[in-house]
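Structure data follow from target12.txt (compact mmCIF, C-alpha atoms):
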```txt
# COMPACT_ATOMS: atom_id res chain seq x y z
CA MET A 1406 0.00 0.00 0.00
CA SER A 1407 1.54 3.29 -1.11
CA ILE A 1408 1.49 6.37 1.02
CA ALA A 1409 -0.46 9.22 -0.54
CA GLU A 1410 1.62 12.23 -1.47
CA PRO A 1411 0.80 15.52 0.24
CA LYS A 1412 -1.45 17.79 -1.76
CA PRO A 1413 0.25 20.79 -3.40
CA GLN A 1414 -1.99 23.14 -1.39
CA VAL A 1415 -0.75 21.63 1.87
CA LEU A 1416 2.88 21.99 0.83
CA LYS A 1417 2.34 25.61 -0.20
CA ALA A 1418 0.54 26.35 3.07
CA ALA A 1419 3.42 24.75 4.97
CA LEU A 1420 5.91 27.00 3.17
CA TRP A 1421 3.89 30.12 3.96
CA MET A 1422 3.55 29.09 7.60
CA THR A 1423 7.28 28.43 7.80
CA GLY A 1424 7.72 32.07 6.84
CA ALA A 1425 5.20 33.14 9.48
CA ILE A 1426 6.92 31.10 12.20
CA ALA A 1427 10.32 32.53 11.27
CA SER A 1428 8.87 36.05 11.28
CA PHE A 1429 7.15 35.78 14.68
CA SER A 1430 10.22 34.17 16.23
CA SER A 1431 12.51 36.83 14.77
CA MET A 1432 10.27 39.58 16.09
CA ALA A 1433 10.32 38.09 19.60
CA VAL A 1434 14.12 37.86 19.61
CA ALA A 1435 14.48 41.36 18.19
CA GLY A 1436 12.08 42.75 20.79
CA ARG A 1437 14.09 41.22 23.61
CA GLU A 1438 17.40 42.41 22.15
CA VAL A 1439 16.34 46.07 22.07
CA SER A 1440 14.30 46.03 25.30
CA GLY A 1441 17.27 47.27 27.32
CA VAL A 1442 17.52 50.40 25.17
CA HIS A 1443 14.04 51.13 23.80
CA ASP A 1444 10.73 50.92 25.65
CA THR A 1445 7.74 49.25 24.02
CA PHE A 1446 6.28 52.55 22.77
CA GLU A 1447 9.51 53.31 20.91
CA MET A 1448 9.56 49.80 19.44
CA MET A 1449 6.03 50.31 18.15
CA LEU A 1450 6.84 53.77 16.78
CA TYR A 1451 9.87 52.60 14.81
CA ARG A 1452 8.12 49.40 13.72
CA SER A 1453 5.19 51.44 12.38
CA LEU A 1454 7.39 53.99 10.61
CA ILE A 1455 9.22 51.16 8.84
CA GLY A 1456 5.86 49.60 8.04
CA VAL A 1457 4.53 52.86 6.55
CA VAL A 1458 7.44 52.94 4.10
CA ILE A 1459 7.00 49.29 3.11
CA VAL A 1460 3.21 49.51 2.70
CA CYS A 1461 3.36 52.77 0.72
CA VAL A 1462 5.96 51.32 -1.66
CA VAL A 1463 3.88 48.17 -2.21
CA ILE A 1464 0.64 50.12 -2.74
CA THR A 1465 2.41 52.41 -5.21
CA LEU A 1466 3.95 49.53 -7.16
CA THR A 1467 0.62 47.67 -7.31
CA ARG A 1468 -1.35 50.87 -8.05
CA ARG A 1469 -3.88 50.39 -5.26
CA TRP A 1470 -4.08 53.88 -3.77
CA ALA A 1471 -7.72 54.08 -4.87
CA GLU A 1472 -8.50 51.32 -2.37
CA VAL A 1473 -7.31 53.43 0.59
CA THR A 1474 -10.47 55.09 1.92
CA THR A 1475 -11.59 56.86 5.10
CA ARG A 1476 -15.17 55.54 5.18
CA SER A 1477 -14.49 53.17 8.11
CA MET A 1478 -12.19 55.38 10.16
CA GLY A 1479 -14.05 54.78 13.41
CA THR A 1480 -13.48 51.03 13.18
CA GLN A 1481 -9.93 51.54 11.89
CA ILE A 1482 -9.05 53.64 14.94
CA LEU A 1483 -10.62 51.16 17.38
CA ARG A 1484 -8.88 48.23 15.69
CA ASN A 1485 -5.47 49.85 15.77
CA ALA A 1486 -5.88 51.10 19.33
CA ALA A 1487 -6.56 47.49 20.36
CA HIS A 1488 -3.63 46.15 18.34
CA PHE A 1489 -1.29 48.91 19.55
CA THR A 1490 -2.15 48.06 23.17
CA GLY A 1491 -1.86 44.31 22.65
CA GLN A 1492 1.47 44.57 20.83
CA ASN A 1493 2.93 46.81 23.53
CA LEU A 1494 1.89 44.30 26.19
CA TRP A 1495 3.40 41.48 24.10
CA PHE A 1496 6.76 43.24 23.69
CA TYR A 1497 6.79 44.01 27.41
CA ALA A 1498 6.19 40.34 28.25
CA VAL A 1499 8.87 39.16 25.81
CA ALA A 1500 11.52 40.95 27.88
CA LEU A 1501 10.37 39.46 31.21
CA ILE A 1502 9.32 35.81 30.90
CA PRO A 1503 10.39 32.77 28.81
CA LEU A 1504 9.51 33.16 25.14
CA ALA A 1505 7.63 29.84 25.07
CA GLN A 1506 5.37 31.05 27.89
CA VAL A 1507 4.63 34.27 26.00
CA PHE A 1508 3.71 32.37 22.85
CA ALA A 1509 1.58 29.83 24.75
CA LEU A 1510 -0.49 32.60 26.34
CA GLU A 1511 -0.72 34.47 23.02
CA PHE A 1512 -2.28 31.37 21.46
CA THR A 1513 -5.37 31.91 23.63
CA THR A 1514 -6.41 34.75 21.30
CA PRO A 1515 -8.93 32.57 19.35
CA LEU A 1516 -10.51 31.50 22.63
CA TRP A 1517 -11.09 35.12 23.61
CA VAL A 1518 -12.69 35.62 20.19
CA ILE A 1519 -15.15 32.83 21.07
CA VAL A 1520 -16.03 34.56 24.34
CA LEU A 1521 -16.22 38.13 23.02
CA ALA A 1522 -17.70 37.59 19.52
CA PRO A 1523 -21.32 37.37 20.77
CA PHE A 1524 -20.95 40.87 22.23
CA VAL A 1525 -18.85 42.48 19.48
CA LEU A 1526 -20.07 40.70 16.33
CA GLY A 1527 -23.39 39.30 17.48
CA GLU A 1528 -22.28 35.73 16.75
CA ARG A 1529 -23.98 32.84 18.55
CA LEU A 1530 -22.06 30.99 21.26
CA THR A 1531 -22.71 27.32 20.47
CA PRO A 1532 -22.25 24.50 23.02
CA LEU A 1533 -19.18 23.25 21.12
CA LYS A 1534 -17.63 26.72 21.13
CA GLY A 1535 -18.37 26.97 24.83
CA LEU A 1536 -16.66 23.63 25.44
CA ALA A 1537 -13.62 24.76 23.44
CA ALA A 1538 -13.42 27.93 25.53
CA VAL A 1539 -13.60 26.00 28.81
CA ILE A 1540 -10.88 23.56 27.68
CA GLY A 1541 -8.73 26.46 26.54
CA PHE A 1542 -8.96 28.28 29.83
CA ILE A 1543 -7.93 25.12 31.63
CA GLY A 1544 -4.84 25.32 29.45
CA ILE A 1545 -4.32 28.93 30.53
CA LEU A 1546 -4.37 27.85 34.17
CA LEU A 1547 -1.73 25.22 33.42
CA VAL A 1548 0.53 27.74 31.68
CA ALA A 1549 0.09 30.55 34.20
CA ARG A 1550 -0.35 28.41 37.36
CA PRO A 1551 -1.91 31.34 39.24
CA SER A 1552 -0.37 31.65 42.69
CA PRO A 1553 1.62 34.32 44.55
CA GLU A 1554 4.83 32.56 43.48
CA THR A 1555 4.11 32.18 39.76
CA ILE A 1556 1.99 35.18 38.79
CA ASN A 1557 4.07 38.19 37.77
CA ILE A 1558 3.74 41.23 35.55
CA GLY A 1559 5.18 39.31 32.57
CA VAL A 1560 2.50 36.60 32.76
CA ILE A 1561 -0.24 39.19 33.26
CA THR A 1562 0.84 41.31 30.29
CA ALA A 1563 1.24 38.26 28.01
CA ALA A 1564 -2.21 36.98 28.92
CA SER A 1565 -3.72 40.46 28.54
CA SER A 1566 -2.17 40.92 25.10
CA ALA A 1567 -4.23 37.96 23.84
CA ILE A 1568 -7.45 39.75 24.81
CA PHE A 1569 -6.50 42.84 22.82
CA PHE A 1570 -5.36 40.69 19.88
CA ALA A 1571 -8.80 39.04 19.96
CA CYS A 1572 -10.45 42.46 19.75
CA THR A 1573 -8.14 43.24 16.83
CA LEU A 1574 -9.21 40.08 14.99
CA MET A 1575 -12.91 40.78 15.46
CA LEU A 1576 -12.61 44.38 14.29
CA THR A 1577 -10.50 43.23 11.34
CA ARG A 1578 -13.30 40.83 10.43
CA LYS A 1579 -15.71 43.77 10.37
CA LEU A 1580 -13.36 45.84 8.23
CA THR A 1581 -12.85 43.10 5.64
CA ARG A 1582 -16.56 43.32 4.80
CA THR A 1583 -16.01 46.72 3.20
CA GLU A 1584 -12.26 47.39 2.99
CA THR A 1585 -9.37 45.78 1.13
CA ILE A 1586 -6.15 44.44 2.67
CA ALA A 1587 -4.25 47.40 1.20
CA CYS A 1588 -6.53 49.85 2.99
CA ILE A 1589 -6.35 47.95 6.30
CA LEU A 1590 -2.55 47.67 6.22
CA PHE A 1591 -2.11 51.34 5.29
CA TRP A 1592 -4.15 52.57 8.23
CA LEU A 1593 -2.59 49.96 10.51
CA THR A 1594 0.89 51.41 9.96
CA VAL A 1595 -0.11 55.09 9.80
CA LEU A 1596 -2.44 55.13 12.81
CA GLN A 1597 -0.05 53.10 14.96
CA ALA A 1598 2.82 55.39 13.98
CA ILE A 1599 0.75 58.32 15.24
CA MET A 1600 -0.15 56.44 18.43
CA GLY A 1601 3.49 55.55 18.96
CA LEU A 1602 4.58 59.14 18.46
CA VAL A 1603 2.06 60.35 21.04
CA ALA A 1604 3.01 57.58 23.50
CA VAL A 1605 6.77 58.14 23.35
CA GLY A 1606 6.26 61.85 23.88
CA ILE A 1607 4.34 61.40 27.15
CA ASP A 1608 7.48 61.15 29.30
CA GLY A 1609 9.39 63.60 27.12
CA LYS A 1610 12.20 61.12 26.51
CA VAL A 1611 12.81 59.53 23.12
CA THR A 1612 15.75 57.19 22.55
CA LEU A 1613 16.86 57.31 18.93
CA PRO A 1614 18.03 54.12 17.22
CA ASN A 1615 21.75 53.48 17.26
CA ALA A 1616 24.03 51.20 15.27
CA GLN A 1617 23.24 48.27 17.56
CA THR A 1618 19.44 48.63 17.77
CA LEU A 1619 18.60 49.83 14.25
CA PRO A 1620 19.01 46.39 12.60
CA TRP A 1621 16.81 44.79 15.29
CA LEU A 1622 14.17 47.50 14.88
CA ALA A 1623 14.21 46.85 11.13
CA VAL A 1624 13.61 43.15 11.85
CA ILE A 1625 10.63 44.05 14.06
CA GLY A 1626 9.13 46.29 11.37
CA PHE A 1627 9.64 43.89 8.48
CA ALA A 1628 8.81 40.66 10.34
CA GLY A 1629 5.56 42.07 11.73
CA LEU A 1630 4.17 42.69 8.26
CA LEU A 1631 5.65 39.52 6.74
CA ALA A 1632 4.14 37.25 9.41
CA HIS A 1633 0.58 38.41 8.74
CA PHE A 1634 1.18 38.34 4.97
CA CYS A 1635 2.31 34.70 5.20
CA ILE A 1636 -0.64 33.63 7.36
CA THR A 1637 -3.10 35.36 5.03
CA ASN A 1638 -1.65 33.53 2.04
CA ALA A 1639 -1.67 30.19 3.87
CA LEU A 1640 -5.34 30.59 4.78
CA ALA A 1641 -6.13 31.54 1.17
CA ILE A 1642 -4.89 28.20 -0.19
CA ALA A 1643 -5.56 25.71 2.62
CA PRO A 1644 -8.27 25.08 5.25
CA ALA A 1645 -7.83 26.49 8.72
CA THR A 1646 -7.68 22.92 10.09
CA ILE A 1647 -4.36 22.56 8.25
CA VAL A 1648 -3.00 26.05 8.91
CA VAL A 1649 -3.66 26.06 12.68
CA PRO A 1650 -1.42 23.04 13.46
CA PHE A 1651 1.38 24.62 11.44
CA ASP A 1652 0.94 27.88 13.35
CA PHE A 1653 1.23 26.01 16.64
CA ALA A 1654 4.67 24.82 15.54
CA ARG A 1655 5.77 28.28 16.67
CA LEU A 1656 5.83 26.99 20.24
CA PRO A 1657 8.52 24.28 19.92
CA VAL A 1658 10.47 26.54 17.58
CA ILE A 1659 10.49 29.45 20.02
CA PHE A 1660 11.41 27.06 22.84
CA VAL A 1661 14.51 25.98 20.90
CA VAL A 1662 15.32 29.62 20.15
CA GLY A 1663 14.91 30.57 23.82
CA ALA A 1664 17.01 27.61 24.97
CA VAL A 1665 19.85 28.29 22.52
CA LEU A 1666 20.00 32.08 22.81
CA TYR A 1667 18.91 32.67 26.41
CA GLY A 1668 19.33 29.35 28.21
CA GLU A 1669 15.60 29.03 28.93
CA GLU A 1670 14.51 25.62 30.24
CA LEU A 1671 11.44 23.68 29.16
CA ASP A 1672 8.63 24.04 31.69
CA ILE A 1673 6.41 20.94 31.68
CA TRP A 1674 3.43 23.04 32.81
CA VAL A 1675 3.84 25.43 29.88
CA ALA A 1676 4.15 22.49 27.45
CA SER A 1677 1.11 20.72 28.92
CA GLY A 1678 -0.98 23.89 28.96
CA ALA A 1679 -0.02 24.67 25.39
CA LEU A 1680 -1.22 21.23 24.25
CA VAL A 1681 -4.54 21.75 26.01
CA ILE A 1682 -4.92 25.21 24.43
CA PHE A 1683 -4.10 23.75 21.02
CA SER A 1684 -6.74 21.03 21.51
CA ALA A 1685 -9.37 23.68 22.31
CA ILE A 1686 -8.48 25.83 19.31
CA TYR A 1687 -8.39 22.85 16.95
CA LEU A 1688 -11.76 21.64 18.26
CA ASN A 1689 -13.29 25.02 17.44
CA VAL A 1690 -11.66 25.24 13.99
CA TRP A 1691 -12.69 21.66 13.17
CA SER A 1692 -16.29 22.30 14.20
CA GLN A 1693 -16.47 25.42 12.02
CA THR A 1694 -14.93 23.64 9.01
CA ARG A 1695 -17.26 20.66 9.49
CA LYS A 1696 -20.27 23.00 9.64
CA ILE A 1697 -19.23 24.61 6.34
CA ARG A 1698 -18.82 21.20 4.65
CA VAL A 1699 -22.21 20.00 5.87
CA ALA A 1700 -23.89 23.22 4.70
```

Now that the file is in, can you turn its structure into structure tokens?
Amino acid sequence: MSIAEPKPQVLKAALWMTGAIASFSSMAVAGREVSGVHDTFEMMLYRSLIGVVIVCVVITLTRRWAEVTTRSMGTQILRNAAHFTGQNLWFYAVALIPLAQVFALEFTTPLWVIVLAPFVLGERLTPLKGLAAVIGFIGILLVARPSPETINIGVITAASSAIFFACTLMLTRKLTRTETIACILFWLTVLQAIMGLVAVGIDGKVTLPNAQTLPWLAVIGFAGLLAHFCITNALAIAPATIVVPFDFARLPVIFVVGAVLYGEELDIWVASGALVIFSAIYLNVWSQTRKIRVA
């Protein structure tokens, strides 16, 4: 009996997700490397400024300026305020706790979407979605192990970032009903550059990039856009049930990166919690895909 060859779509999705994993991991390392010099607001400012240049060049080359509109500015501002907050919390956590723990808590974002979607998008909370959410939050408890000894500001900010990322996803879903990717990415970089400029000016101190931090800041700016570009392309050619397991490969990859670069040890609670969270997310994705097939 011969083993069936992987479908071309699966191989292409795997390649795109490899790019996403490399991008997210690079951004985490770059964030930690500059955290001793730049605060999170400065990281976001420089990341956004680099992103503005990249997005404007791409829009110009593809002649899509007509797609950039202001008709959904209210939602654009809310979306980017949520993402700006979540990304700042994420960068803050990256500098304080093991990278694998940050990524494991970030993966709870889809579970927060399940909980918040009925209020934000008016979507129905089905029993299966509710079960997935409960399983996922058991995973959160395993990763965070809430107690006076284990709870710290790094765990709190990493867990909180997932909530704001969930709000970002839901508002992005609303925007995609009327706006193109070019429009969403343009306002993402421009609005967050403005937010970053306001935030860094609050304390009156702005640290300019130097020869050591500039390359890392460039990695943050480029990798942030590339990661989402890769995931979008993967989802365009393969079902979410295939893409999600590839995305979860970020966890073992970032563990290896953390172990090699920073001597971080594998925490069995983080690994166990991550598996539980993955099971919950995959259950939800599978149920949604199955519903579509049946319909």

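You will find atom CA of A:Asn1485 at 24.1 Å from atom CA of A:Met1422.
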
Practice item. Just the residues within 12 Å of stretch 1498-1504 of chain A, please, counting only C-alpha atoms, with nothing from its chain fewer than 4 positions along; format it as a count of residues only. Key: 59

Check your understanding: Contacts of A:Ala1679 at 10 Å or less, counting all atoms listed in the file, minus same-chain residues fewer than 3 places along, as a count of residues only?
Key -> 22

Practice item. Take the point (-8.9, 56.4, -0.3) as written in the file and pick out every residue within 12 Å of it, counting only C-alpha atoms; give the list as a VMD selection string. Key: chain A and resid 1464 1469 to 1478 1584 to 1585 1587 to 1589 1591 to 1592

Print the selection's residues with C-alpha atoms to a file, as a compact mmCIF listing (two decimals), in the frame of the given file.
```txt
# COMPACT_ATOMS: atom_id res chain seq x y z
CA ILE A 1464 0.64 50.12 -2.74
CA ARG A 1469 -3.88 50.39 -5.26
CA TRP A 1470 -4.08 53.88 -3.77
CA ALA A 1471 -7.72 54.08 -4.87
CA GLU A 1472 -8.50 51.32 -2.37
CA VAL A 1473 -7.31 53.43 0.59
CA THR A 1474 -10.47 55.09 1.92
CA THR A 1475 -11.59 56.86 5.10
CA ARG A 1476 -15.17 55.54 5.18
CA SER A 1477 -14.49 53.17 8.11
CA MET A 1478 -12.19 55.38 10.16
CA GLU A 1584 -12.26 47.39 2.99
CA THR A 1585 -9.37 45.78 1.13
CA ALA A 1587 -4.25 47.40 1.20
CA CYS A 1588 -6.53 49.85 2.99
CA ILE A 1589 -6.35 47.95 6.30
CA PHE A 1591 -2.11 51.34 5.29
CA TRP A 1592 -4.15 52.57 8.23
```

Point to revise | Residues near A:Gly1535, cut-off 12 Å, all atoms listed in the file, skip fewer than 5 positions along chain, as a count of residues only | key: 18

Point to revise | Pairwise distance for atom CA of A:Cys1635 and atom CA of A:Asn1615, rounded to one decimal in Å | key: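 Spanning atom CA of A:Cys1635 to atom CA of A:Asn1615 is a straight-line distance of 29.6 Å.
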
Since the input is missing atoms for stretch 1579-1601 of chain A, could you rebuild it with N, CA and C atoms and give the result as an mmCIF file, in the frame of the given file?
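Heads up, here's the output in out_32.cif:
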```
data_model
loop_
_atom_site.group_PDB
_atom_site.id
_atom_site.type_symbol
_atom_site.label_atom_id
_atom_site.label_comp_id
_atom_site.auth_asym_id
_atom_site.auth_seq_id
_atom_site.Cartn_x
_atom_site.Cartn_y
_atom_site.Cartn_z
ATOM 1 N N LYS A 1579 -14.725 42.772 10.771
ATOM 2 C CA LYS A 1579 -15.710 43.770 10.370
ATOM 3 C C LYS A 1579 -15.194 44.612 9.216
ATOM 4 N N LEU A 1580 -13.927 44.991 9.276
ATOM 5 C CA LEU A 1580 -13.360 45.840 8.230
ATOM 6 C C LEU A 1580 -13.292 45.126 6.881
ATOM 7 N N THR A 1581 -12.995 43.823 6.901
ATOM 8 C CA THR A 1581 -12.850 43.100 5.640
ATOM 9 C C THR A 1581 -14.162 42.992 4.867
ATOM 10 N N ARG A 1582 -15.272 43.327 5.508
ATOM 11 C CA ARG A 1582 -16.560 43.320 4.800
ATOM 12 C C ARG A 1582 -16.658 44.473 3.808
ATOM 13 N N THR A 1583 -15.909 45.543 4.063
ATOM 14 C CA THR A 1583 -16.010 46.720 3.200
ATOM 15 C C THR A 1583 -14.666 47.231 2.682
ATOM 16 N N GLU A 1584 -13.562 46.844 3.351
ATOM 17 C CA GLU A 1584 -12.260 47.390 2.990
ATOM 18 C C GLU A 1584 -11.314 46.302 2.480
ATOM 19 N N THR A 1585 -10.356 46.713 1.662
ATOM 20 C CA THR A 1585 -9.370 45.780 1.130
ATOM 21 C C THR A 1585 -8.182 45.655 2.088
ATOM 22 N N ILE A 1586 -7.344 44.646 1.843
ATOM 23 C CA ILE A 1586 -6.150 44.440 2.670
ATOM 24 C C ILE A 1586 -5.227 45.641 2.572
ATOM 25 N N ALA A 1587 -5.115 46.227 1.380
ATOM 26 C CA ALA A 1587 -4.250 47.400 1.200
ATOM 27 C C ALA A 1587 -4.691 48.544 2.094
ATOM 28 N N CYS A 1588 -5.986 48.775 2.157
ATOM 29 C CA CYS A 1588 -6.530 49.850 2.990
ATOM 30 C C CYS A 1588 -6.278 49.566 4.470
ATOM 31 N N ILE A 1589 -6.525 48.321 4.893
ATOM 32 C CA ILE A 1589 -6.350 47.950 6.300
ATOM 33 C C ILE A 1589 -4.892 48.080 6.720
ATOM 34 N N LEU A 1590 -3.967 47.605 5.877
ATOM 35 C CA LEU A 1590 -2.550 47.670 6.220
ATOM 36 C C LEU A 1590 -2.039 49.114 6.232
ATOM 37 N N PHE A 1591 -2.545 49.938 5.318
ATOM 38 C CA PHE A 1591 -2.110 51.340 5.290
ATOM 39 C C PHE A 1591 -2.467 52.035 6.595
ATOM 40 N N TRP A 1592 -3.736 51.900 7.003
ATOM 41 C CA TRP A 1592 -4.150 52.570 8.230
ATOM 42 C C TRP A 1592 -3.562 51.909 9.464
ATOM 43 N N LEU A 1593 -3.263 50.625 9.392
ATOM 44 C CA LEU A 1593 -2.590 49.960 10.510
ATOM 45 C C LEU A 1593 -1.250 50.636 10.795
ATOM 46 N N THR A 1594 -0.442 50.832 9.758
ATOM 47 C CA THR A 1594 0.890 51.410 9.960
ATOM 48 C C THR A 1594 0.815 52.900 10.283
ATOM 49 N N VAL A 1595 -0.042 53.640 9.587
ATOM 50 C CA VAL A 1595 -0.110 55.090 9.800
ATOM 51 C C VAL A 1595 -0.678 55.425 11.181
ATOM 52 N N LEU A 1596 -1.812 54.812 11.526
ATOM 53 C CA LEU A 1596 -2.440 55.130 12.810
ATOM 54 C C LEU A 1596 -1.551 54.694 13.981
ATOM 55 N N GLN A 1597 -0.901 53.544 13.857
ATOM 56 C CA GLN A 1597 -0.050 53.100 14.960
ATOM 57 C C GLN A 1597 1.241 53.905 15.037
ATOM 58 N N ALA A 1598 1.680 54.473 13.928
ATOM 59 C CA ALA A 1598 2.820 55.390 13.980
ATOM 60 C C ALA A 1598 2.436 56.647 14.752
ATOM 61 N N ILE A 1599 1.236 57.140 14.509
ATOM 62 C CA ILE A 1599 0.750 58.320 15.240
ATOM 63 C C ILE A 1599 0.598 58.001 16.726
ATOM 64 N N MET A 1600 0.008 56.846 17.036
ATOM 65 C CA MET A 1600 -0.150 56.440 18.430
ATOM 66 C C MET A 1600 1.208 56.282 19.117
ATOM 67 N N GLY A 1601 2.153 55.715 18.403
ATOM 68 C CA GLY A 1601 3.490 55.550 18.960
ATOM 69 C C GLY A 1601 4.163 56.877 19.216
#
```
